[in-house]
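> One structure follows; several queries about it will come next.
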Amino acid sequence: MDLAIEVKDLSYSYPDGFLALDRVSLKVILNERVAILGPNGAGKSTLLMLISGLLKPSKGSIHILGRPIDENIHKIRSEIGIVFQDPDDQLFCPTLWEDVTFGPLNMGLSEDEVVKRGKEALRMVGLDGYEERAPHHLSAGEKKKAAIATVLVMKPKILILDEPTANLDPKGKKELVKIIDNLHKNQKITLIIATHDMDFIPLIADRAYILNKRIIAEGNLEDIFSDSDMMMKAGLDLPTVTRLFEFINEFMGSDKVKPIPLTIEQALQEIKRLLKNPQ
Amino acid sequence: MISNFLNLFEDIFFNEKYSSLNFIIQKIDPRVKIFSSIALISIAILAKSILTLIILTSIIFILSIVSRIPLKIFLIRTSLIPLFTTLIALPLIFITPGNQILNLNFINITTEGVHKALIFILRVWTCVNSLILLTLTTKFSNIINAMEKLKIPKIFTVMISITYRFIFLSINEAYRMLLAKESRTFKKESRLKEIKTLASMLSTLFIRSYERGERVYLAMMARGYNGSVNNLEKMSINRRDVVFILIVLFICIIALSSEYFLGVS
Ligand SMILES: Nc1ncnc2c1ncn2[C@@H]1O[C@H](COP(=O)(O)OP(=O)(O)OP(=O)(O)O)[C@@H](O)[C@H]1O
Ligand SMILES: [Mg+2]
């Protein structure tokens, strides 16, 4: 099992002295999909910036694809794509097209390749035809899609998404799930996603870390979500269907439904099973 | 409202829409344009007669008109800086010794003074006109790109492009802050009050733009920024460019020789 990311005893204080992360350790295997969950101010964005090599750890170490992050930072940056939480931080060119081609041009790709990738990335997020628009004039959801496109276009080996569903409409969300699925299955990409969108997590992740300045828990989604007390204490919630089935379990006495479904699809199957065979 | 003003300001001074039109000057290679601007500016600095400066400025005006840049936009953009030079040049009218036109007890206006002030203002205006025509008809990234191709040191091109981005960031940041303020303002305020609020927001604005600039820089680094601005526009010098540069050089030579050899003044 090759490690995509290995973080050891990482602490980070902001320049004003605020300790945002305290001895965080985590491991992500190649082609894994990992969610980072935590309440507001937990340090998720900070952690992702550190993993992308944009902030320097105060203590501890980060290895990307087996190499320490401070060596060869430029090479590593071309392998990690990060979509920031605030798209206004990410988009800085006069036109969307310039923004989308910024990364690939810095990678020194041929012009044909840049154009091809640029068009493809815009089409993937559903923004074809927006090439000449000014990014700062787009709507909030369009900005988010644009920010995602500016990173997809570089075809990174590791994709880091900070609150990718914020401001997206239901169609946008579904499309994002499809994009992520496709990247994961066909391009063998490694994914790290920070989010509060509990219904979205089971669709795009297999494993999760619960973060609140420190790592509170870690495990497969089924395990994490079956410990609802821990989730509550961390200021988080369960996916809607999971919460529903907790009630059903309670109501029917003991663990009737196990494992508890996380997505609507799983829930449907469980309901069908229950209806067919009530005992 | 001030936020409307801010929008207007951005539209007038930073709108790039005229650079993507496809008329005469827009079609000229950016390198040729930069070179021509520098040539015109040098001549404007060397010129000693009002006539030469007026002719140079008229040529630039004609070029901007044939490039379909609205005269109003061009005039607003080009007159901001000369406004300040006028203030600076004003004392010249009074302190230059020479032929008196008007003589009150303590105020002396001389022909030489008026002449000097006029030349000074016109000279600055011509230079500004030439640069504004360049920036109005050329996409910003193309200007930077062309500067790099012309082997202008990287430190300048990086500084200019970062500054330019920073101006946008500040405008956007100010816009957001003003909207937030307006949404919580429930009665009509006097201009003075508005300006006062703005002033008190200024330090916050500075810090906010600074920090956003920092984050945007991180985003640029994350996408492999290494100081050079690349873009997809191809630059190639063709016959049109050669003709243009020959005309500019011709104008420069005529202007210089008429001043220095024929003694036009
Ligand atoms: N530039 C900064 N200077 C000082 N403190 C900061 C800075 N940025 C963030 N912090 C602090 O660090 C902590 C973690 O911030 P971070 O943005 O990583 O949280 P988060 O988990 O991403 O939260 P959210 O869910 O709201 O996005 C917060 O308490 C925040 O106040
Ligand atoms: Mg965050």
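Naming scheme: A, B, ... for chains in displayed order of the structure tokens; residues 1 onward per chain; ligands 1 onward as shown.
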Kindly provide, as number ranges by chain, all nucleotide and amino acid residues lying within 12 Å of ligand 2, counting only C-alpha atoms and all ligand atoms.

A: 20, 36-49, 83-86, 161-164, 166, 193-196, 211-212

> With a distance cut-off of 10 Å and only C-alpha atoms, select the neighbouring residues of B:Leu150, excluding the residue or stretch itself and same-chain residues fewer than 3 positions from it, and output the selection as an mmCIF file with N, CA and C atoms, in the first residue's frame.


data_model
loop_
_atom_site.group_PDB
_atom_site.id
_atom_site.type_symbol
_atom_site.label_atom_id
_atom_site.label_comp_id
_atom_site.auth_asym_id
_atom_site.auth_seq_id
_atom_site.Cartn_x
_atom_site.Cartn_y
_atom_site.Cartn_z
ATOM 1 N N ARG B 31 4.156 44.042 -28.806
ATOM 2 C CA ARG B 31 5.552 44.495 -28.719
ATOM 3 C C ARG B 31 5.759 45.760 -29.533
ATOM 4 N N VAL B 32 5.154 45.765 -30.717
ATOM 5 C CA VAL B 32 5.259 46.937 -31.580
ATOM 6 C C VAL B 32 4.602 48.140 -30.895
ATOM 7 N N ILE B 34 4.205 48.627 -27.640
ATOM 8 C CA ILE B 34 5.023 49.099 -26.525
ATOM 9 C C ILE B 34 6.184 49.932 -27.057
ATOM 10 N N PHE B 35 6.833 49.399 -28.081
ATOM 11 C CA PHE B 35 7.966 50.121 -28.656
ATOM 12 C C PHE B 35 7.520 51.501 -29.162
ATOM 13 N N ILE B 144 2.072 42.408 -20.475
ATOM 14 C CA ILE B 144 3.107 41.798 -19.645
ATOM 15 C C ILE B 144 3.931 40.807 -20.465
ATOM 16 N N ASN B 145 3.198 40.010 -21.228
ATOM 17 C CA ASN B 145 3.860 39.030 -22.071
ATOM 18 C C ASN B 145 4.839 39.686 -23.041
ATOM 19 N N ALA B 146 4.363 40.767 -23.664
ATOM 20 C CA ALA B 146 5.207 41.468 -24.631
ATOM 21 C C ALA B 146 6.428 42.063 -23.938
ATOM 22 N N MET B 147 6.214 42.589 -22.707
ATOM 23 C CA MET B 147 7.357 43.153 -21.983
ATOM 24 C C MET B 147 8.393 42.075 -21.730
ATOM 25 N N PRO B 153 13.382 43.417 -17.573
ATOM 26 C CA PRO B 153 13.708 42.551 -16.442
ATOM 27 C C PRO B 153 12.456 42.035 -15.721
#

> Would you mind reading off the distance between atom CA of A:Pro87 and atom CA of B:Glu10, one decimal, in Å?

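Interatomic distance, atom CA of A:Pro87 to atom CA of B:Glu10: 20.6 Å.
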
> Give me the residues near stretch 107-120 of chain B as a PyMOL selection string, where near means some atom within 12 Å (using only C-alpha atoms) and where sequence neighbours in that chain fewer than 5 positions away do not count.

chain B and resi 44-54+82+84-102+125-127+265

> Determine which residues of stretch 4-241 of chain A DSSP labels as helix (DSSP H, G or I) from the backbone of this structure, then write them out as a ChimeraX atom specification.

/A:44-51,73-79,87-90,96-106,111-124,135-137,140-152,170-186,201-204,221-226,228-233,240-241

> For those residues, write C-alpha atoms to a file as a JSON list (two decimals), in the first residue's frame.


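The result, written out as again-v2.json:
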[["chain", "number", "residue", "atom", "x", "y", "z"],
["A", 44, "LYS", "CA", -9.87, 21.89, 8.19],
["A", 45, "SER", "CA", -8.91, 24.62, 5.75],
["A", 46, "THR", "CA", -5.65, 25.16, 7.60],
["A", 47, "LEU", "CA", -4.81, 21.46, 7.37],
["A", 48, "LEU", "CA", -5.55, 21.37, 3.64],
["A", 49, "MET", "CA", -3.37, 24.42, 3.00],
["A", 50, "LEU", "CA", -0.54, 22.73, 4.90],
["A", 51, "ILE", "CA", -0.92, 19.52, 2.92],
["A", 73, "ILE", "CA", 7.90, 21.82, -3.51],
["A", 74, "HIS", "CA", 7.30, 22.84, -7.13],
["A", 75, "LYS", "CA", 7.14, 19.28, -8.38],
["A", 76, "ILE", "CA", 4.77, 18.41, -5.57],
["A", 77, "ARG", "CA", 2.53, 21.38, -6.32],
["A", 78, "SER", "CA", 1.97, 20.15, -9.84],
["A", 79, "GLU", "CA", 0.75, 16.85, -8.39],
["A", 87, "PRO", "CA", -13.48, 31.01, -4.78],
["A", 88, "ASP", "CA", -12.61, 34.70, -4.62],
["A", 89, "ASP", "CA", -9.19, 33.64, -3.38],
["A", 90, "GLN", "CA", -8.78, 31.30, -6.30],
["A", 96, "LEU", "CA", -12.33, 32.95, -16.87],
["A", 97, "TRP", "CA", -10.39, 31.49, -19.79],
["A", 98, "GLU", "CA", -7.15, 33.05, -18.57],
["A", 99, "ASP", "CA", -7.87, 31.70, -15.11],
["A", 100, "VAL", "CA", -8.51, 28.19, -16.36],
["A", 101, "THR", "CA", -5.39, 28.13, -18.52],
["A", 102, "PHE", "CA", -3.16, 29.69, -15.84],
["A", 103, "GLY", "CA", -2.14, 26.39, -14.23],
["A", 104, "PRO", "CA", -1.56, 24.33, -17.40],
["A", 105, "LEU", "CA", 0.49, 27.14, -18.96],
["A", 106, "ASN", "CA", 2.69, 27.24, -15.87],
["A", 111, "GLU", "CA", -0.78, 25.04, -26.58],
["A", 112, "ASP", "CA", -3.05, 22.45, -28.15],
["A", 113, "GLU", "CA", -3.05, 20.50, -24.93],
["A", 114, "VAL", "CA", -3.82, 23.62, -22.87],
["A", 115, "VAL", "CA", -6.75, 24.56, -25.10],
["A", 116, "LYS", "CA", -8.06, 21.01, -25.11],
["A", 117, "ARG", "CA", -7.84, 20.68, -21.35],
["A", 118, "GLY", "CA", -9.29, 24.14, -20.75],
["A", 119, "LYS", "CA", -12.36, 23.45, -22.86],
["A", 120, "GLU", "CA", -12.77, 20.03, -21.29],
["A", 121, "ALA", "CA", -12.56, 21.37, -17.72],
["A", 122, "LEU", "CA", -15.12, 24.08, -18.41],
["A", 123, "ARG", "CA", -17.43, 21.55, -20.00],
["A", 124, "MET", "CA", -17.05, 19.20, -17.04],
["A", 135, "PRO", "CA", -14.65, 35.69, -12.80],
["A", 136, "HIS", "CA", -15.49, 38.32, -10.20],
["A", 137, "HIS", "CA", -18.80, 38.97, -11.92],
["A", 140, "ALA", "CA", -21.46, 32.40, -6.11],
["A", 141, "GLY", "CA", -22.16, 28.90, -7.44],
["A", 142, "GLU", "CA", -20.63, 29.69, -10.81],
["A", 143, "LYS", "CA", -17.52, 30.95, -9.04],
["A", 144, "LYS", "CA", -17.27, 27.68, -7.14],
["A", 145, "LYS", "CA", -17.59, 25.70, -10.38],
["A", 146, "ALA", "CA", -15.01, 27.94, -12.01],
["A", 147, "ALA", "CA", -12.61, 27.40, -9.11],
["A", 148, "ILE", "CA", -13.05, 23.64, -9.45],
["A", 149, "ALA", "CA", -12.37, 23.88, -13.20],
["A", 150, "THR", "CA", -9.13, 25.80, -12.66],
["A", 151, "VAL", "CA", -7.83, 22.83, -10.68],
["A", 152, "LEU", "CA", -9.31, 19.93, -12.67],
["A", 170, "PRO", "CA", -28.68, 20.25, -6.62],
["A", 171, "LYS", "CA", -27.71, 19.67, -10.24],
["A", 172, "GLY", "CA", -24.27, 21.12, -9.64],
["A", 173, "LYS", "CA", -23.83, 18.80, -6.67],
["A", 174, "LYS", "CA", -24.85, 15.72, -8.65],
["A", 175, "GLU", "CA", -22.49, 16.67, -11.43],
["A", 176, "LEU", "CA", -19.69, 17.14, -8.92],
["A", 177, "VAL", "CA", -20.31, 13.67, -7.51],
["A", 178, "LYS", "CA", -20.11, 12.29, -11.05],
["A", 179, "ILE", "CA", -16.88, 14.15, -11.77],
["A", 180, "ILE", "CA", -15.32, 12.93, -8.54],
["A", 181, "ASP", "CA", -16.47, 9.37, -9.16],
["A", 182, "ASN", "CA", -15.02, 9.40, -12.62],
["A", 183, "LEU", "CA", -11.67, 10.84, -11.50],
["A", 184, "HIS", "CA", -11.48, 8.29, -8.73],
["A", 185, "LYS", "CA", -12.34, 5.23, -10.83],
["A", 186, "ASN", "CA", -10.74, 6.05, -14.17],
["A", 201, "ILE", "CA", -19.95, 12.61, 2.28],
["A", 202, "PRO", "CA", -21.13, 9.01, 1.75],
["A", 203, "LEU", "CA", -21.33, 9.71, -1.99],
["A", 204, "ILE", "CA", -17.71, 10.79, -2.30],
["A", 221, "LEU", "CA", -17.79, 5.96, 7.27],
["A", 222, "GLU", "CA", -19.97, 3.14, 8.69],
["A", 223, "ASP", "CA", -17.96, 3.10, 11.91],
["A", 224, "ILE", "CA", -17.73, 6.86, 12.21],
["A", 225, "PHE", "CA", -21.42, 7.40, 11.63],
["A", 226, "SER", "CA", -22.51, 4.62, 13.97],
["A", 228, "SER", "CA", -23.50, 9.26, 16.94],
["A", 229, "ASP", "CA", -22.50, 10.45, 20.44],
["A", 230, "MET", "CA", -18.99, 11.22, 19.29],
["A", 231, "MET", "CA", -20.35, 13.04, 16.23],
["A", 232, "MET", "CA", -22.68, 15.12, 18.38],
["A", 233, "LYS", "CA", -19.89, 16.00, 20.78],
["A", 240, "THR", "CA", -30.27, 12.47, 7.11],
["A", 241, "VAL", "CA", -31.07, 8.85, 6.27]]

> Compile the contact shell of stretch 7-13 of chain A as a PyMOL selection string: residues with an atom at most 12 Å away, counting only C-alpha atoms, same-chain residues fewer than 6 positions apart removed.

chain A and resi 19-29+43-53+55-69+213-215

> Those residues with C-alpha atoms, as a tab-separated table (two decimals), in the first residue's frame please?


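Result went into result_39.tsv, see below:
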chain	number	residue	atom	x	y	z
A	19	LEU	CA	-2.91	27.56	17.51
A	20	ALA	CA	-5.10	26.13	14.76
A	21	LEU	CA	-3.81	22.54	14.66
A	22	ASP	CA	-2.40	20.50	17.50
A	23	ARG	CA	-0.32	17.38	16.82
A	24	VAL	CA	-2.37	16.08	13.92
A	25	SER	CA	-1.37	12.80	12.30
A	26	LEU	CA	-3.05	11.17	9.35
A	27	LYS	CA	-2.39	8.85	6.45
A	28	VAL	CA	-4.03	8.68	3.06
A	29	ILE	CA	-3.42	5.73	0.77
A	43	GLY	CA	-8.74	23.79	11.30
A	44	LYS	CA	-9.87	21.89	8.19
A	45	SER	CA	-8.91	24.62	5.75
A	46	THR	CA	-5.65	25.16	7.60
A	47	LEU	CA	-4.81	21.46	7.37
A	48	LEU	CA	-5.55	21.37	3.64
A	49	MET	CA	-3.37	24.42	3.00
A	50	LEU	CA	-0.54	22.73	4.90
A	51	ILE	CA	-0.92	19.52	2.92
A	52	SER	CA	-0.75	21.51	-0.32
A	53	GLY	CA	2.52	23.05	0.81
A	55	LEU	CA	1.63	27.02	4.66
A	56	LYS	CA	4.71	25.85	6.53
A	57	PRO	CA	4.19	23.54	9.52
A	58	SER	CA	5.17	25.00	12.89
A	59	LYS	CA	5.99	21.48	14.04
A	60	GLY	CA	5.79	18.02	12.53
A	61	SER	CA	6.26	16.69	9.04
A	62	ILE	CA	4.29	16.09	5.86
A	63	HIS	CA	5.20	13.57	3.17
A	64	ILE	CA	3.53	13.61	-0.22
A	65	LEU	CA	3.89	10.51	-2.40
A	66	GLY	CA	6.75	9.42	-0.20
A	67	ARG	CA	8.74	12.63	-0.40
A	68	PRO	CA	9.02	15.29	2.32
A	69	ILE	CA	7.01	18.29	1.25
A	213	LYS	CA	-7.86	21.14	16.36
A	214	ARG	CA	-6.77	17.57	17.06
A	215	ILE	CA	-7.84	14.32	15.41

> Go ahead and compute the interatomic distance for atom CA of B:Arg77 and atom CA of B:Thr137, in Å to one decimal.

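Straight-line distance from atom CA of B:Arg77 to atom CA of B:Thr137 works out to 12.9 Å.
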
> Can you work out which one of B:Arg123, B:Arg215, B:Arg223, B:Lys72 has the shortest atom-to-atom distance to ligand 1, counting only C-alpha atoms and all ligand atoms?

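The closest residue to ligand 1 is B:Arg215.
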
> Nearest residue to chain A out of B:Ile167, B:Leu192, B:Leu205, B:Leu246, using only C-alpha atoms?

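The closest residue to chain A is B:Ile167.
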